[in-house]
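**Q** Enclosed is the structure file entry-v6.cif (mmCIF, C-alpha atoms and all ligand atoms).
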data_query
#
loop_
_atom_site.label_atom_id
_atom_site.label_comp_id
_atom_site.auth_asym_id
_atom_site.auth_seq_id
_atom_site.Cartn_x
_atom_site.Cartn_y
_atom_site.Cartn_z
CA MET A 1 -20.57 -18.28 17.10
CA LYS A 2 -17.79 -18.77 14.57
CA PRO A 3 -18.98 -17.82 11.08
CA ASP A 4 -18.10 -20.13 8.22
CA ILE A 5 -17.99 -17.32 5.68
CA PHE A 6 -17.06 -13.69 6.30
CA LYS A 7 -19.45 -11.34 4.49
CA VAL A 8 -17.42 -8.51 3.06
CA GLY A 9 -18.26 -5.09 1.57
CA ILE A 10 -16.04 -2.92 -0.64
CA ILE A 11 -16.37 0.88 -0.77
CA GLY A 12 -14.95 2.34 -4.00
CA VAL A 13 -14.71 0.00 -6.99
CA GLY A 14 -12.37 2.01 -9.26
CA TYR A 15 -8.92 0.70 -10.16
CA ILE A 16 -7.84 -0.91 -6.89
CA GLY A 17 -11.34 -1.66 -5.55
CA LYS A 18 -11.96 -3.94 -8.51
CA ILE A 19 -8.69 -5.74 -7.79
CA HIS A 20 -9.78 -6.24 -4.17
CA LEU A 21 -13.06 -7.66 -5.46
CA GLU A 22 -11.37 -10.05 -7.85
CA GLU A 23 -8.67 -11.23 -5.45
CA LEU A 24 -10.99 -11.70 -2.47
CA SER A 25 -12.65 -14.45 -4.50
CA ARG A 26 -9.41 -16.42 -4.02
CA VAL A 27 -9.42 -16.08 -0.23
CA GLU A 28 -10.95 -19.04 1.59
CA GLY A 29 -14.01 -18.31 3.77
CA VAL A 30 -14.66 -14.84 2.34
CA GLU A 31 -17.54 -13.62 0.20
CA VAL A 32 -18.04 -10.09 -1.15
CA THR A 33 -21.78 -9.52 -0.82
CA ALA A 34 -22.00 -5.71 -1.11
CA ILE A 35 -20.24 -2.86 -2.90
CA ALA A 36 -20.70 0.91 -2.78
CA ASP A 37 -19.44 3.61 -5.11
CA SER A 38 -20.51 7.22 -5.53
CA ASP A 39 -20.38 6.49 -9.27
CA ILE A 40 -23.49 4.33 -9.21
CA GLU A 41 -23.31 3.41 -12.89
CA LEU A 42 -19.85 1.96 -12.35
CA ALA A 43 -21.01 0.15 -9.21
CA LYS A 44 -24.04 -1.32 -10.99
CA LYS A 45 -21.93 -2.52 -13.90
CA ILE A 46 -19.41 -4.19 -11.60
CA GLY A 47 -22.17 -5.56 -9.38
CA LYS A 48 -23.81 -7.17 -12.40
CA ASN A 49 -20.56 -8.57 -13.82
CA PHE A 50 -19.52 -10.10 -10.51
CA GLY A 51 -22.96 -11.17 -9.25
CA ILE A 52 -22.80 -8.97 -6.14
CA LYS A 53 -26.08 -9.09 -4.22
CA LYS A 54 -26.16 -5.53 -2.87
CA VAL A 55 -25.02 -2.40 -4.71
CA TYR A 56 -25.13 0.95 -2.90
CA SER A 57 -24.46 4.50 -4.11
CA ASN A 58 -24.09 5.78 -0.56
CA ARG A 59 -21.31 4.19 1.46
CA LYS A 60 -23.17 4.78 4.74
CA GLU A 61 -25.76 2.23 3.68
CA LEU A 62 -22.99 -0.33 3.34
CA VAL A 63 -21.43 0.64 6.69
CA ASN A 64 -24.86 0.26 8.34
CA ASP A 65 -25.59 -3.08 6.65
CA SER A 66 -25.72 -5.50 9.59
CA ASP A 67 -24.90 -8.53 7.42
CA ILE A 68 -21.44 -7.18 6.62
CA GLU A 69 -18.58 -8.00 9.01
CA VAL A 70 -15.54 -6.65 7.17
CA ILE A 71 -15.17 -3.59 4.92
CA HIS A 72 -12.43 -2.79 2.40
CA ASN A 73 -12.01 0.95 1.95
CA CYS A 74 -10.84 1.62 -1.63
CA THR A 75 -11.89 5.26 -1.93
CA PRO A 76 -9.48 8.12 -2.75
CA ASN A 77 -7.25 9.29 0.11
CA ASN A 78 -9.49 12.13 1.31
CA PHE A 79 -12.19 9.66 2.37
CA HIS A 80 -9.87 7.25 4.17
CA PHE A 81 -10.13 8.92 7.57
CA GLU A 82 -13.89 9.26 7.77
CA VAL A 83 -14.70 5.89 6.20
CA ASN A 84 -12.14 4.00 8.32
CA LYS A 85 -13.43 5.68 11.47
CA GLU A 86 -17.11 5.09 10.66
CA VAL A 87 -16.42 1.42 10.00
CA MET A 88 -14.55 0.90 13.28
CA GLU A 89 -17.29 2.69 15.19
CA SER A 90 -19.87 0.39 13.61
CA GLY A 91 -18.02 -2.58 15.15
CA LYS A 92 -16.86 -4.01 11.82
CA GLU A 93 -13.29 -4.90 10.86
CA ILE A 94 -11.56 -2.64 8.32
CA PHE A 95 -8.98 -3.12 5.59
CA SER A 96 -7.94 0.24 4.14
CA GLU A 97 -6.12 1.35 1.09
CA LYS A 98 -3.01 3.40 1.69
CA PRO A 99 -2.16 6.06 2.69
CA LEU A 100 -4.10 5.61 5.92
CA ALA A 101 -5.30 9.25 6.04
CA LEU A 102 -4.42 12.74 4.82
CA ASN A 103 -2.12 13.54 7.73
CA ALA A 104 -0.64 12.08 10.92
CA ASP A 105 -3.23 13.74 13.19
CA GLU A 106 -5.94 11.77 11.41
CA SER A 107 -3.94 8.54 11.22
CA ARG A 108 -3.11 8.73 14.95
CA ILE A 109 -6.84 8.91 15.75
CA LEU A 110 -7.43 5.88 13.53
CA ALA A 111 -4.67 3.84 15.19
CA GLU A 112 -6.01 4.81 18.64
CA THR A 113 -9.60 3.97 17.70
CA ALA A 114 -8.48 0.56 16.43
CA ARG A 115 -6.75 -0.14 19.74
CA GLU A 116 -9.75 1.01 21.80
CA LYS A 117 -12.25 -0.99 19.77
CA GLY A 118 -10.03 -4.05 19.30
CA THR A 119 -10.58 -3.76 15.53
CA ILE A 120 -8.58 -6.02 13.24
CA THR A 121 -7.16 -3.49 10.81
CA GLY A 122 -5.18 -3.96 7.63
CA ILE A 123 -3.58 -1.66 5.09
CA ASN A 124 -2.59 -2.55 1.56
CA PHE A 125 1.20 -2.48 1.71
CA CYS A 126 1.09 -5.43 -0.65
CA TYR A 127 4.69 -5.47 -1.88
CA ARG A 128 5.72 -7.09 1.42
CA TYR A 129 3.87 -10.15 0.27
CA TYR A 130 5.96 -11.28 -2.68
CA PRO A 131 7.40 -14.64 -1.60
CA VAL A 132 11.06 -13.61 -1.92
CA ILE A 133 10.42 -10.41 0.04
CA GLN A 134 9.21 -12.55 2.92
CA GLU A 135 12.28 -14.73 2.38
CA ALA A 136 14.60 -11.70 2.40
CA ALA A 137 13.10 -10.53 5.71
CA TYR A 138 13.58 -14.01 7.17
CA ARG A 139 17.21 -14.20 5.98
CA ILE A 140 18.04 -10.85 7.53
CA ARG A 141 16.38 -11.86 10.82
CA SER A 142 18.36 -15.10 10.82
CA GLY A 143 21.64 -13.15 10.46
CA GLU A 144 22.57 -14.43 7.00
CA ILE A 145 23.80 -11.10 5.63
CA GLY A 146 25.30 -9.83 8.89
CA ASP A 147 24.49 -6.35 10.17
CA VAL A 148 22.68 -4.16 7.64
CA HIS A 149 24.61 -0.94 7.06
CA THR A 150 23.25 0.47 3.78
CA VAL A 151 19.79 0.49 2.14
CA LEU A 152 19.36 1.95 -1.36
CA GLY A 153 16.49 2.09 -3.77
CA HIS A 154 13.83 3.81 -5.78
CA TYR A 155 10.21 3.63 -6.86
CA LEU A 156 9.74 5.10 -10.36
CA GLN A 157 6.75 5.37 -12.70
CA ASP A 158 6.02 7.32 -15.88
CA TRP A 159 2.24 7.76 -16.01
CA LEU A 160 2.46 11.49 -15.10
CA LEU A 161 5.24 12.27 -17.61
CA TYR A 162 3.25 14.62 -19.86
CA SER A 163 1.53 17.84 -18.87
CA THR A 164 -1.68 16.33 -20.32
CA ASP A 165 -1.53 13.56 -17.68
CA TYR A 166 -3.72 14.31 -14.68
CA SER A 167 -4.97 12.48 -11.59
CA TRP A 168 -6.84 13.41 -8.40
CA ARG A 169 -3.59 12.45 -6.68
CA LEU A 170 -2.16 15.85 -7.73
CA ASP A 171 -4.90 17.76 -5.90
CA PRO A 172 -4.20 18.46 -2.18
CA LYS A 173 -7.94 18.25 -1.48
CA PHE A 174 -7.80 14.51 -2.32
CA SER A 175 -4.17 13.68 -1.53
CA GLY A 176 -3.15 15.87 1.39
CA ARG A 177 0.28 17.52 1.39
CA SER A 178 2.09 15.10 -0.89
CA ASN A 179 1.54 13.19 -4.10
CA VAL A 180 4.41 10.88 -4.99
CA MET A 181 6.24 10.68 -1.66
CA GLY A 182 2.95 9.76 0.03
CA ASP A 183 1.75 7.45 -2.71
CA LEU A 184 4.89 5.55 -3.76
CA GLY A 185 7.26 6.57 -0.94
CA SER A 186 4.93 5.00 1.65
CA HIS A 187 5.15 1.63 -0.14
CA TRP A 188 8.95 1.72 -0.39
CA CYS A 189 9.47 2.82 3.21
CA ASP A 190 7.12 0.12 4.47
CA LEU A 191 8.94 -2.44 2.34
CA VAL A 192 12.49 -1.67 3.51
CA GLN A 193 11.46 -1.39 7.15
CA PHE A 194 9.70 -4.74 6.89
CA ILE A 195 12.70 -6.42 5.24
CA THR A 196 15.37 -4.94 7.51
CA GLY A 197 13.26 -5.04 10.68
CA SER A 198 14.46 -1.54 11.45
CA ARG A 199 12.41 1.67 11.51
CA ILE A 200 13.32 4.88 9.72
CA LYS A 201 14.55 7.30 12.37
CA GLU A 202 15.46 10.50 10.52
CA VAL A 203 15.21 11.83 6.99
CA MET A 204 16.72 14.60 4.89
CA ALA A 205 14.29 15.04 2.00
CA GLU A 206 13.68 17.10 -1.10
CA LEU A 207 10.27 17.10 -2.78
CA ARG A 208 9.80 18.79 -6.12
CA THR A 209 7.18 19.46 -8.80
CA VAL A 210 8.80 18.68 -12.15
CA ILE A 211 5.68 19.63 -14.14
CA PRO A 212 4.22 22.74 -12.50
CA LYS A 213 1.28 23.19 -14.92
CA ARG A 214 -1.02 20.44 -16.21
CA GLN A 215 -4.20 20.08 -18.24
CA LYS A 216 -6.97 19.06 -15.85
CA PRO A 217 -10.03 17.37 -17.43
CA ARG A 218 -13.27 19.24 -16.67
CA ASP A 219 -15.19 15.98 -16.31
CA ARG A 220 -14.24 13.01 -14.16
CA SER A 221 -13.01 11.36 -17.30
CA THR A 222 -10.22 9.15 -16.13
CA LEU A 223 -9.83 6.41 -13.60
CA THR A 224 -6.30 5.89 -12.33
CA PHE A 225 -3.79 4.69 -14.96
CA SER A 226 -6.25 5.31 -17.79
CA ASP A 227 -4.56 6.42 -21.03
CA ARG A 228 -7.48 8.57 -22.10
CA VAL A 229 -6.67 12.27 -22.65
CA SER A 230 -9.73 14.44 -22.05
CA GLU A 231 -10.61 16.80 -24.88
CA ASP A 232 -12.19 19.26 -22.48
CA SER A 233 -9.53 20.41 -20.04
CA ARG A 234 -8.04 23.55 -18.50
CA LYS A 235 -4.49 24.42 -17.48
CA ILE A 236 -3.93 24.48 -13.71
CA ASP A 237 -0.99 25.00 -11.35
CA ILE A 238 0.33 21.88 -9.65
CA LYS A 239 1.75 22.29 -6.17
CA LEU A 240 2.27 18.70 -5.08
CA ASP A 241 5.42 16.65 -5.70
CA ASP A 242 5.90 14.38 -8.69
CA TYR A 243 9.54 13.81 -7.62
CA GLY A 244 11.00 13.17 -4.17
CA ALA A 245 14.28 11.99 -2.70
CA MET A 246 15.47 11.26 0.83
CA MET A 247 18.61 10.37 2.69
CA ILE A 248 17.64 8.10 5.56
CA ARG A 249 19.00 7.12 8.96
CA PHE A 250 17.58 3.88 10.35
CA GLU A 251 17.18 3.00 14.04
CA ASN A 252 19.78 0.22 13.66
CA ASN A 253 22.27 2.89 12.49
CA ALA A 254 22.10 1.87 8.81
CA ARG A 255 22.03 4.65 6.23
CA GLY A 256 19.99 4.83 3.06
CA THR A 257 18.90 6.80 0.04
CA PHE A 258 15.60 6.69 -1.83
CA THR A 259 14.28 8.39 -4.98
CA THR A 260 10.74 8.37 -6.29
CA ALA A 261 9.03 10.00 -9.28
CA GLN A 262 6.12 9.48 -11.66
CA VAL A 263 7.79 11.26 -14.59
CA CYS A 264 10.50 8.75 -15.57
CA ALA A 265 9.78 7.58 -19.14
CA GLY A 266 9.84 3.82 -19.47
CA ARG A 267 9.64 3.11 -15.76
CA LYS A 268 6.16 1.68 -15.19
CA CYS A 269 6.36 0.32 -11.67
CA ASN A 270 10.05 0.05 -10.98
CA ILE A 271 10.55 -0.63 -7.29
CA ASP A 272 14.15 -1.28 -6.37
CA VAL A 273 15.55 -2.35 -3.01
CA GLN A 274 19.23 -3.04 -2.27
CA ILE A 275 20.33 -4.06 1.19
CA TYR A 276 24.00 -4.29 2.10
CA GLY A 277 25.16 -6.17 5.20
CA THR A 278 28.52 -6.90 6.77
CA GLU A 279 28.54 -10.43 5.24
CA LYS A 280 26.31 -10.40 2.12
CA SER A 281 23.93 -8.26 0.12
CA LEU A 282 20.32 -8.74 -0.98
CA ALA A 283 18.59 -6.98 -3.87
CA TRP A 284 15.11 -7.11 -5.39
CA ASN A 285 13.43 -5.33 -8.25
CA HIS A 286 9.70 -5.38 -8.94
CA GLU A 287 10.29 -5.96 -12.66
CA ARG A 288 11.72 -9.39 -11.73
CA ALA A 289 9.63 -9.87 -8.64
CA SER A 290 10.18 -13.62 -8.30
CA GLU A 291 13.95 -13.25 -7.92
CA LEU A 292 16.10 -12.36 -4.95
CA TRP A 293 19.69 -11.44 -5.79
CA ILE A 294 22.21 -12.51 -3.17
CA GLY A 295 25.57 -10.73 -3.42
CA LYS A 296 28.72 -12.39 -2.05
CA ARG A 297 32.34 -11.30 -1.80
CA ASN A 298 34.25 -14.60 -2.09
CA GLU A 299 31.80 -16.80 -3.99
CA ALA A 300 29.66 -16.45 -7.07
CA ASN A 301 26.54 -14.35 -6.59
CA GLU A 302 23.22 -16.17 -6.54
CA ILE A 303 19.72 -15.62 -7.84
CA PHE A 304 17.16 -17.27 -5.64
CA PHE A 305 13.81 -17.93 -7.37
CA GLU A 306 10.67 -18.07 -5.21
CA SER A 307 9.82 -21.63 -4.31
CA PRO A 308 7.40 -23.56 -2.10
CA LEU A 309 10.19 -26.13 -1.61
CA LEU A 310 13.36 -24.09 -1.23
CA GLN A 311 12.24 -21.12 0.85
CA ASN A 312 12.51 -21.25 4.60
CA GLU A 313 9.67 -23.14 6.30
CA SER A 314 8.27 -19.92 7.70
CA THR A 315 7.94 -18.20 4.29
CA ARG A 316 7.33 -20.99 1.77
CA HIS A 317 3.53 -20.88 2.12
CA TYR A 318 3.62 -17.48 0.39
CA ALA A 319 5.00 -19.18 -2.74
CA THR A 320 1.74 -20.74 -3.81
CA LEU A 321 2.69 -21.94 -7.30
CA PRO A 322 4.96 -24.88 -8.15
CA SER A 323 8.66 -23.93 -8.41
CA GLY A 324 9.45 -22.13 -11.65
CA HIS A 325 6.02 -20.52 -12.07
CA PRO A 326 6.30 -16.79 -11.37
CA MET A 327 3.77 -15.17 -9.08
CA GLY A 328 2.65 -11.56 -9.45
CA TYR A 329 1.11 -8.44 -7.96
CA ARG A 330 -2.33 -10.00 -7.58
CA ASP A 331 -0.83 -13.01 -5.80
CA ALA A 332 0.98 -10.73 -3.36
CA ILE A 333 -2.36 -9.06 -2.55
CA VAL A 334 -3.99 -12.45 -2.00
CA ASN A 335 -1.15 -13.41 0.38
CA LEU A 336 -1.78 -10.23 2.36
CA PHE A 337 -5.55 -10.79 2.40
CA ARG A 338 -5.04 -14.36 3.66
CA ASP A 339 -2.92 -13.14 6.59
CA TYR A 340 -5.46 -10.41 7.35
CA TYR A 341 -8.43 -12.81 7.37
CA LYS A 342 -6.42 -15.24 9.46
CA ALA A 343 -6.11 -12.51 12.09
CA ILE A 344 -9.89 -12.00 12.01
CA ARG A 345 -10.50 -15.74 12.31
CA ASP A 346 -8.08 -15.88 15.27
CA LYS A 347 -10.01 -13.04 16.94
CA ARG A 348 -13.34 -14.82 16.42
CA GLU A 349 -11.84 -18.01 17.87
CA GLY A 350 -10.58 -16.08 20.87
CA HIS A 351 -6.82 -16.44 20.46
CA LYS A 352 -4.02 -13.99 19.87
CA THR A 353 -2.99 -13.90 16.26
CA ALA A 354 0.48 -14.60 14.94
CA SER A 355 -0.34 -12.69 11.74
CA ASN A 356 2.23 -10.01 11.04
CA HIS A 357 0.27 -8.16 8.35
CA PRO A 358 0.54 -4.35 8.04
CA ASP A 359 -2.10 -2.69 10.20
CA PHE A 360 -3.17 0.85 11.11
CA ILE A 361 -0.07 1.35 13.24
CA ALA A 362 2.06 0.60 10.15
CA GLY A 363 -0.16 3.04 8.22
CA HIS A 364 0.23 5.72 10.88
CA ASN A 365 4.00 5.24 11.02
CA GLU A 366 4.15 5.86 7.26
CA MET A 367 2.25 9.11 7.75
CA LEU A 368 4.80 10.14 10.40
CA ILE A 369 7.67 9.43 7.99
CA LEU A 370 5.90 11.45 5.29
CA GLU A 371 5.40 14.39 7.65
CA ALA A 372 9.08 14.28 8.58
CA ALA A 373 9.95 14.29 4.85
CA LEU A 374 7.65 17.27 4.19
CA GLU A 375 9.12 19.17 7.13
CA SER A 376 12.68 18.33 6.07
CA SER A 377 12.03 19.41 2.49
CA LYS A 378 10.61 22.72 3.69
CA GLN A 379 13.34 23.49 6.22
CA GLY A 380 16.29 21.87 4.43
CA VAL A 381 17.38 19.98 7.59
CA TRP A 382 17.52 16.42 8.91
CA THR A 383 14.16 15.71 10.60
CA GLU A 384 13.33 13.06 13.15
CA VAL A 385 10.30 10.78 12.77
CA ARG A 386 8.25 11.21 15.97
CA TYR A 387 6.73 7.77 16.61
CA ASN A 388 3.91 7.25 19.12
CA ASP A 389 3.68 4.41 21.62
CA PHE A 390 0.48 2.43 21.24
N1 LIG B 401 -1.95 -0.54 -2.53
C1 LIG B 401 -1.76 -0.25 -3.79
O1 LIG B 401 -0.89 -0.80 -4.44
C2 LIG B 401 -2.66 0.79 -4.44
C3 LIG B 401 -2.74 0.89 -5.83
C4 LIG B 401 -3.62 1.83 -6.38
C5 LIG B 401 -4.38 2.63 -5.55
N2 LIG B 401 -4.25 2.55 -4.20
C6 LIG B 401 -5.03 3.42 -3.30
O2 LIG B 401 -6.40 3.11 -3.49
C7 LIG B 401 -7.20 4.28 -3.37
C8 LIG B 401 -8.09 4.42 -4.61
O3 LIG B 401 -7.25 4.58 -5.73
P1 LIG B 401 -7.72 4.16 -7.19
O4 LIG B 401 -6.47 4.22 -8.00
O5 LIG B 401 -8.49 2.90 -7.15
O6 LIG B 401 -8.69 5.37 -7.55
P2 LIG B 401 -9.85 5.42 -8.63
O7 LIG B 401 -10.12 6.85 -8.85
O8 LIG B 401 -9.53 4.52 -9.78
O9 LIG B 401 -11.10 4.77 -7.85
C9 LIG B 401 -11.70 5.34 -6.71
C10 LIG B 401 -13.17 4.93 -6.67
O10 LIG B 401 -13.77 5.43 -5.46
C11 LIG B 401 -15.05 5.98 -5.78
N3 LIG B 401 -15.40 6.96 -4.75
C12 LIG B 401 -14.90 8.20 -4.59
N4 LIG B 401 -15.44 8.77 -3.49
C13 LIG B 401 -16.29 7.86 -2.96
C14 LIG B 401 -17.15 7.86 -1.81
N5 LIG B 401 -17.23 8.91 -1.00
N6 LIG B 401 -17.90 6.77 -1.57
C15 LIG B 401 -17.85 5.70 -2.41
N7 LIG B 401 -17.05 5.66 -3.48
C16 LIG B 401 -16.27 6.71 -3.76
C17 LIG B 401 -14.86 6.58 -7.17
O11 LIG B 401 -16.10 6.77 -7.83
C18 LIG B 401 -13.97 5.53 -7.84
O12 LIG B 401 -14.73 4.53 -8.47
C19 LIG B 401 -6.22 5.44 -3.17
O13 LIG B 401 -6.17 5.78 -1.83
C20 LIG B 401 -4.88 4.88 -3.62
O14 LIG B 401 -3.79 5.45 -2.93
C21 LIG B 401 -3.40 1.64 -3.65
#
Starting from the coordinates I provided, produce the structure as structure tokens.
**A**
Amino acid sequence: MKPDIFKVGIIGVGYIGKIHLEELSRVEGVEVTAIADSDIELAKKIGKNFGIKKVYSNRKELVNDSDIEVIHNCTPNNFHFEVNKEVMESGKEIFSEKPLALNADESRILAETAREKGTITGINFCYRYYPVIQEAAYRIRSGEIGDVHTVLGHYLQDWLLYSTDYSWRLDPKFSGRSNVMGDLGSHWCDLVQFITGSRIKEVMAELRTVIPKRQKPRDRSTLTFSDRVSEDSRKIDIKLDDYGAMMIRFENNARGTFTTAQVCAGRKCNIDVQIYGTEKSLAWNHERASELWIGKRNEANEIFFESPLLQNESTRHYATLPSGHPMGYRDAIVNLFRDYYKAIRDKREGHKTASNHPDFIAGHNEMLILEAALESSKQGVWTEVRYNDF
């Protein structure tokens, strides 16, 4: 029977888990009825503030809760594999935070399990869901800028600038073999492949640790992006990257370059994408996320502002505010959630979905790109991304 409301559980209600919780309240036909966090005090506080019926300290209780149909996995990276797998094996649908797992062996198993079980999977590559990003992808598909030959960009932040800044993301036990290239690089690579419609084929990468020693708090004193400096800390060696760069060859023969770092003072969440075609150019920067720059050779350049009236028919539903009202990060996440839940609804109603949201195959492909980058950085050579057929 078709349910009217999907009952949803969230595992991990730290920084991003709380955003999932808040933004799911804007998605039609969805109700968060359970949360789980190993920090039970945090979970209880959030449960109380948001009126959540069930609050668990052990995630397995949530996975085994037969009322729940869909789970959002918002735990740190080292739990992604086991939680995602447990959820699929329980027969529930799963929406995971990125990166999909700690390495490509794990992410391949997750993509295969999803196929075997017919699970509707999603992964939070949310930047695809700004209205003008969808518009840019449409314009490239429709041939407006000609053949894409060059893709440039960066993703820069500054929250790890000082040696007193610390995050679990710098610990291989939680993050795997990469910090910034996995964390921010995965978003940028997903974004440019989505916009251009072309996969990354080969990379020549360099990963580097700009700050090799940091003060690590002895307690679990900071959630992500907190500005609190712990008074009780010890100096430790940092092995993972806080800087990374790649030259890229795309499958359509375009070339690109990408730089990422979390140590660039003043850059908070500066995502930059520039796409050059044989007729026109497109550019987008996250600091002006409502605007798409269109570069022309023989006419004045143009700035296209997101619009439910002026975007192409196929993308205008992502611009959910009246023209002139800028949308933001949270709106992009809601757009992604809506596409994801549409896919679940289509499955329940027995038809193939047209939803093109990022799924576990997209998550696995990002892990393959990351592994190619790690290999390239180690060997100092161009390295091919070895995609699987699913
Ligand atoms: N898509 C995005 O834009 C985006 C942004 C931020 C974070 N993320 C991803 O989200 C994940 C979480 O990051 P965060 O910044 O929210 O971290 P965080 O440290 O702020 O929160 C993680 C939460 O998970 C809880 N937790 C840890 N282990 C658990 C377990 N075994 N069971 C239940 N709860 C557990 C912690 O107590 C904490 O409350 C990471 O994988 C990160 O890469 C994605």
**Q** Which residues are near ligand LIG 401 (chain B) in this structure, taking near to mean any atom at most 6 Å from a ligand atom and counting all atoms listed in the file? Format them as a PyMOL selection string.
**A** chain A and resi 11-17+36-39+59+74-77+97-99+124-125+183+223-224
**Q** To one decimal place, how far is atom CA of Val385 of chain A from atom CA of Lys201 of chain A in Å?
**A** 5.5 Å
**Q** One decimal, in Å: what's the spacing between atom CA of Lys45 of chain A and atom CA of Lys18 of chain A?
**A** 11.4 Å
**Q** Need the shell around segment 371-379 of chain A: protein/DNA/RNA residues with any atom at most 12 Å away, counting all atoms listed in the file. Skip same-chain ones fewer than 5 positions apart. Format as a PyMOL selection string?
**A** chain A and resi 101-105+107+176-182+185-186+189+200-208+240-241+243-248+258+364-366+384-387
**Q** Keeping only C-alpha atoms, take the residues you just selected and write them out as an mmCIF file, in the frame of the given file.
**A**
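Saved to out-v9.cif:
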data_model
loop_
_atom_site.group_PDB
_atom_site.id
_atom_site.type_symbol
_atom_site.label_atom_id
_atom_site.label_comp_id
_atom_site.auth_asym_id
_atom_site.auth_seq_id
_atom_site.Cartn_x
_atom_site.Cartn_y
_atom_site.Cartn_z
ATOM 1 C CA ALA A 101 -5.300 9.250 6.040
ATOM 2 C CA LEU A 102 -4.420 12.740 4.820
ATOM 3 C CA ASN A 103 -2.120 13.540 7.730
ATOM 4 C CA ALA A 104 -0.640 12.080 10.920
ATOM 5 C CA ASP A 105 -3.230 13.740 13.190
ATOM 6 C CA SER A 107 -3.940 8.540 11.220
ATOM 7 C CA GLY A 176 -3.150 15.870 1.390
ATOM 8 C CA ARG A 177 0.280 17.520 1.390
ATOM 9 C CA SER A 178 2.090 15.100 -0.890
ATOM 10 C CA ASN A 179 1.540 13.190 -4.100
ATOM 11 C CA VAL A 180 4.410 10.880 -4.990
ATOM 12 C CA MET A 181 6.240 10.680 -1.660
ATOM 13 C CA GLY A 182 2.950 9.760 0.030
ATOM 14 C CA GLY A 185 7.260 6.570 -0.940
ATOM 15 C CA SER A 186 4.930 5.000 1.650
ATOM 16 C CA CYS A 189 9.470 2.820 3.210
ATOM 17 C CA ILE A 200 13.320 4.880 9.720
ATOM 18 C CA LYS A 201 14.550 7.300 12.370
ATOM 19 C CA GLU A 202 15.460 10.500 10.520
ATOM 20 C CA VAL A 203 15.210 11.830 6.990
ATOM 21 C CA MET A 204 16.720 14.600 4.890
ATOM 22 C CA ALA A 205 14.290 15.040 2.000
ATOM 23 C CA GLU A 206 13.680 17.100 -1.100
ATOM 24 C CA LEU A 207 10.270 17.100 -2.780
ATOM 25 C CA ARG A 208 9.800 18.790 -6.120
ATOM 26 C CA LEU A 240 2.270 18.700 -5.080
ATOM 27 C CA ASP A 241 5.420 16.650 -5.700
ATOM 28 C CA TYR A 243 9.540 13.810 -7.620
ATOM 29 C CA GLY A 244 11.000 13.170 -4.170
ATOM 30 C CA ALA A 245 14.280 11.990 -2.700
ATOM 31 C CA MET A 246 15.470 11.260 0.830
ATOM 32 C CA MET A 247 18.610 10.370 2.690
ATOM 33 C CA ILE A 248 17.640 8.100 5.560
ATOM 34 C CA PHE A 258 15.600 6.690 -1.830
ATOM 35 C CA HIS A 364 0.230 5.720 10.880
ATOM 36 C CA ASN A 365 4.000 5.240 11.020
ATOM 37 C CA GLU A 366 4.150 5.860 7.260
ATOM 38 C CA GLU A 384 13.330 13.060 13.150
ATOM 39 C CA VAL A 385 10.300 10.780 12.770
ATOM 40 C CA ARG A 386 8.250 11.210 15.970
ATOM 41 C CA TYR A 387 6.730 7.770 16.610
#
**Q** So which residues touch Ala362 of chain A within 12 Å, counting all atoms listed in the file, skipping near sequence neighbours fewer than 5 positions away, as JSON, numbers by chain?
**A** {"A": [96, 98, 99, 100, 104, 107, 108, 110, 111, 121, 122, 123, 124, 125, 186, 187, 189, 190, 191, 193, 194, 199, 356, 357, 367, 368, 369, 387, 388, 390]}
**Q** If we count all atoms listed in the file and set the cut-off at 8 Å, which residues sit around Gly324 of chain A, ignoring sequence neighbours fewer than 5 positions away in its own chain? Please answer as a ChimeraX atom specification.
**A** /A:305-307
**Q** Can you write out the residues you just picked, keeping C-alpha atoms, as an mmCIF file, in the coordinates of the input?
**A**
data_model
loop_
_atom_site.group_PDB
_atom_site.id
_atom_site.type_symbol
_atom_site.label_atom_id
_atom_site.label_comp_id
_atom_site.auth_asym_id
_atom_site.auth_seq_id
_atom_site.Cartn_x
_atom_site.Cartn_y
_atom_site.Cartn_z
ATOM 1 C CA PHE A 305 13.810 -17.930 -7.370
ATOM 2 C CA GLU A 306 10.670 -18.070 -5.210
ATOM 3 C CA SER A 307 9.820 -21.630 -4.310
#
**Q** Since the input is missing atoms for segment 286-291 of chain A, could you rebuild it with N, CA and C atoms and give the result as a CSV table (one decimal), keeping the file's coordinate frame?
**A**
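The resulting file, out06.csv, is reproduced below:
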chain,number,residue,atom,x,y,z
A,286,HIS,N,11.1,-5.0,-8.6
A,286,HIS,CA,9.7,-5.4,-8.9
A,286,HIS,C,9.5,-5.9,-10.4
A,287,GLU,N,10.4,-5.5,-11.3
A,287,GLU,CA,10.3,-6.0,-12.7
A,287,GLU,C,10.7,-7.4,-12.8
A,288,ARG,N,11.4,-7.9,-11.8
A,288,ARG,CA,11.7,-9.4,-11.7
A,288,ARG,C,11.4,-9.9,-10.3
A,289,ALA,N,10.1,-9.8,-10.0
A,289,ALA,CA,9.6,-9.9,-8.6
A,289,ALA,C,9.8,-11.3,-8.0
A,290,SER,N,10.0,-12.3,-8.9
A,290,SER,CA,10.2,-13.6,-8.3
A,290,SER,C,11.6,-13.9,-7.9
A,291,GLU,N,12.5,-13.0,-8.1
A,291,GLU,CA,14.0,-13.2,-7.9
A,291,GLU,C,14.5,-12.4,-6.8
